[in-house]
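Take a look at the structure set out below.
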Amino acid sequence: MRPNVLVVYKKSTYQRYVGRAQKRLEQLIANSDVSVEGLLHEHEIHQETLKRAKRALRELGARAVLRYRPEPMPEEGTWDFIVTLGGDGTLLWASHLADSGTPMIAINSAPDTSVGYFCAGDGHDVDEVLAEALAGRLRSSRLARMRVEVGDRLISTRVLNDMLYCHESPAATSRYILEHEGRPERQMSSGVWAGPAAGSTAALRSAGGKVLPIGSQKLQFVVREPYRGVDHRYELIKGFVPPGEDLKITSRMTKGRIFLDGTQKVHAVGIGDRIRMTLSDEPLTLLGLKRRSESSSVAPPSK
């Protein structure tokens, strides 16, 4: 049978803004300004990768449906594979469409400017990667995801990278009660990062967390810029949450927010709302994760 493949792709910055009333950007590109250096080249590489991926899927006999990232997506549960063309951000966005039984393959369409930690290949070998994936020859990894609840509402079971809880304004202090291992602590900070192992090389690491083995089932949390006044000696600054346990945050703000895997999946959190994070029972099946690291002697950089 012909495999059903959903292809989720991004548009380059050049494609999204040039020619759409963004005269300033056009002028900067025309003048070769340093602020837009490489923008046109990135666009051309991305377009070529997209073209090669469509051709490869057609030649492989796949039934491919392409969707630009913000567009309405087809209903889940009908795909043999989900392919992303972009970088880690595109993979993270599309990963919320995938249940644990739907494999994903990520292609880095602009490797000069994108890390592509989750990606199995890029524009140079997209044909080979897709052929290996559809033939079942790419190694499969099961990546832990995080479940997030607010009160009695289930927000997501598919957080792959991280969740940030903070005030709606980045300049405002976040006020909340953090509870870990049965110990509550009232805190003020710039917010709290929490996430599974796959996100431990990204914001969690930058905020002072540790890089976890990719197969770890632990969650990790790190308080972002804790307020260190005279009498503020917080004990719950960072830590790990093993399977079967949870991390809780009680909001003390009327204008709190939680951001899931980036800036586009945002939920309002009010005063008194209780956020609960646990290991999800929906891991992500990602193909070719080891392929990239095995082809290089350099350890994967943080995302």
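Following the order of the structure tokens, first chain is A, next is B, and so on, with residues numbered from 1 inside each chain and ligands from 1 in the order they appear.
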Quiz item: Ile45 in chain A: which residues within 10 Å, counting only C-alpha atoms, same-chain residues fewer than 2 positions away excluded, as a ChimeraX atom specification?
Solution: /A:12,40-43,47-51,109-112,122-124
Dump N, CA and C atoms for the selected residues as a CSV table (one decimal), in the first residue's frame?
```csv
chain,number,residue,atom,x,y,z
A,12,SER,N,10.3,30.5,4.8
A,12,SER,CA,11.5,31.2,5.3
A,12,SER,C,11.2,32.7,5.7
A,40,LEU,N,18.5,35.7,2.1
A,40,LEU,CA,18.1,35.2,0.7
A,40,LEU,C,18.7,33.9,0.5
A,41,HIS,N,19.9,33.6,0.9
A,41,HIS,CA,20.5,32.3,0.7
A,41,HIS,C,19.8,31.2,1.5
A,42,GLU,N,19.4,31.5,2.7
A,42,GLU,CA,18.6,30.6,3.5
A,42,GLU,C,17.3,30.3,2.8
A,43,HIS,N,16.7,31.3,2.2
A,43,HIS,CA,15.4,31.1,1.5
A,43,HIS,C,15.6,30.1,0.3
A,47,GLN,N,13.9,26.5,-0.2
A,47,GLN,CA,13.0,26.2,-1.3
A,47,GLN,C,13.5,24.9,-2.1
A,48,GLU,N,14.8,24.8,-2.2
A,48,GLU,CA,15.4,23.7,-3.0
A,48,GLU,C,15.1,22.4,-2.2
A,49,THR,N,15.2,22.4,-0.9
A,49,THR,CA,15.0,21.3,0.0
A,49,THR,C,13.5,20.8,-0.1
A,50,LEU,N,12.6,21.8,-0.1
A,50,LEU,CA,11.2,21.5,-0.2
A,50,LEU,C,10.9,20.9,-1.6
A,51,LYS,N,11.5,21.4,-2.6
A,51,LYS,CA,11.3,20.8,-4.0
A,51,LYS,C,11.8,19.4,-4.0
A,109,SER,N,15.9,22.1,6.7
A,109,SER,CA,15.9,22.7,5.4
A,109,SER,C,16.9,23.9,5.3
A,110,ALA,N,17.5,24.4,6.3
A,110,ALA,CA,18.4,25.5,6.3
A,110,ALA,C,19.5,25.2,7.3
A,111,PRO,N,20.4,24.3,7.0
A,111,PRO,CA,21.4,23.8,8.0
A,111,PRO,C,22.5,24.9,8.3
A,112,ASP,N,22.6,25.9,7.4
A,112,ASP,CA,23.6,27.0,7.7
A,112,ASP,C,23.2,27.9,8.9
A,122,ASP,N,19.3,16.8,6.0
A,122,ASP,CA,19.0,18.1,5.5
A,122,ASP,C,18.8,18.0,4.0
A,123,GLY,N,18.9,19.2,3.3
A,123,GLY,CA,18.7,19.3,1.9
A,123,GLY,C,19.6,18.4,1.1
A,124,HIS,N,20.8,18.1,1.6
A,124,HIS,CA,21.8,17.4,0.8
A,124,HIS,C,21.4,15.9,0.7
```
Exercise. Write down as number ranges by chain the residues of range 24-153 of chain A whose backbone DSSP state falls under alpha helix (DSSP H).
Key: A: 24-30, 39-59, 88-95, 126-134
Quiz prompt | Straight-line distance linking CA of Ala53 in chain A with CA of Cys119 in chain A, stated in Å to one decimal | solution = 14.1 Å
Practice problem: Just the strand (DSSP E or B) stuff from range 133-163 of chain A, please, per backbone DSSP, written as a PyMOL selection string. | Solution: chain A and resi 140-143+146-150+153-159+163
Expected file: the selected residues, C-alpha atoms, as a PDB file, in the first residue's frame:
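Just written: part-v6.pdb:
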```
ATOM      1  CA  SER A 140      13.459   4.665  15.842  1.00  0.00           C
ATOM      2  CA  SER A 141      13.735   6.553  19.143  1.00  0.00           C
ATOM      3  CA  ARG A 142      10.990   6.844  21.742  1.00  0.00           C
ATOM      4  CA  LEU A 143      11.269  10.290  23.325  1.00  0.00           C
ATOM      5  CA  MET A 146       5.381  15.816  29.389  1.00  0.00           C
ATOM      6  CA  ARG A 147       1.737  16.008  30.427  1.00  0.00           C
ATOM      7  CA  VAL A 148       0.427  19.407  31.568  1.00  0.00           C
ATOM      8  CA  GLU A 149      -2.829  20.022  33.430  1.00  0.00           C
ATOM      9  CA  VAL A 150      -4.302  23.261  34.758  1.00  0.00           C
ATOM     10  CA  ARG A 153      -8.266  20.832  32.346  1.00  0.00           C
ATOM     11  CA  LEU A 154      -5.864  18.684  30.370  1.00  0.00           C
ATOM     12  CA  ILE A 155      -3.722  21.128  28.396  1.00  0.00           C
ATOM     13  CA  SER A 156      -1.375  18.714  26.606  1.00  0.00           C
ATOM     14  CA  THR A 157       0.163  15.251  26.764  1.00  0.00           C
ATOM     15  CA  ARG A 158       2.676  16.081  24.021  1.00  0.00           C
ATOM     16  CA  VAL A 159       5.202  18.588  25.361  1.00  0.00           C
ATOM     17  CA  MET A 163       7.038  24.501  29.249  1.00  0.00           C
TER      18      MET A 163
END
```
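CA of Thr90 in chain A is found 11.7 Å from CA of Tyr117 in chain A.
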Exercise. Tell me which protein, DNA and RNA residues are within 10 Å of Trp93 in chain A, counting only C-alpha atoms, leaving out same-chain ones fewer than 5 positions away, and put them as a PyMOL selection string.
Key: chain A and resi 8+69-70+84+88+159-160+260-265
Quiz item: What's the 12 Å shell around Lys210 in chain A, counting only C-alpha atoms, without same-chain residues fewer than 4 positions away, as a VMD selection string?
Solution: chain A and resid 194 to 206 214 218 to 222 238 to 240 302
Quiz item: Of the candidates A:Val18, A:Met73, A:Met253, A:Ile258, which one gets nearest to Val36 in chain A if we count only C-alpha atoms?
Solution: A:Val18
Quiz item: Using only C-alpha atoms, which residues sit within 12 Å of Arg55 in chain A once same-chain residues fewer than 5 positions away are excluded, as a PyMOL selection string?
Solution: chain A and resi 48-50+60-64+126-127+130-131
Quiz item: Restricting the calculation to only C-alpha atoms, which member of A:Asp162, A:Pro242, A:Leu178, A:Gly288 is positioned closest to Ile107 in chain A?
Solution: A:Gly288
Exercise. Pick out the residues sitting within 7 Å of Leu6 in chain A, and hand them over as an MDAnalysis selection string; count only C-alpha atoms, and ignore anything fewer than 4 positions along from it in its own chain.
Key: chainID A and resid 64:66 79 81:83
Write to file, as a PDB file, in the first residue's frame, the residues of the selection just made, with C-alpha atoms.
```pdb
ATOM      1  CA  ALA A  64       1.798  13.228   0.458  1.00  0.00           C
ATOM      2  CA  VAL A  65      -0.279  16.099   1.819  1.00  0.00           C
ATOM      3  CA  LEU A  66       1.644  19.330   2.349  1.00  0.00           C
ATOM      4  CA  TRP A  79      -0.854   9.169   8.696  1.00  0.00           C
ATOM      5  CA  PHE A  81       4.503   9.233   8.768  1.00  0.00           C
ATOM      6  CA  ILE A  82       4.743  12.936   9.546  1.00  0.00           C
ATOM      7  CA  VAL A  83       7.658  14.707   7.845  1.00  0.00           C
TER       8      VAL A  83
END
```
Quiz prompt | Residue with smallest distance to Glu282 in chain A - pool A:Gly86, A:Pro3, A:Pro72, A:Gly101, counting only C-alpha atoms | solution = A:Gly101
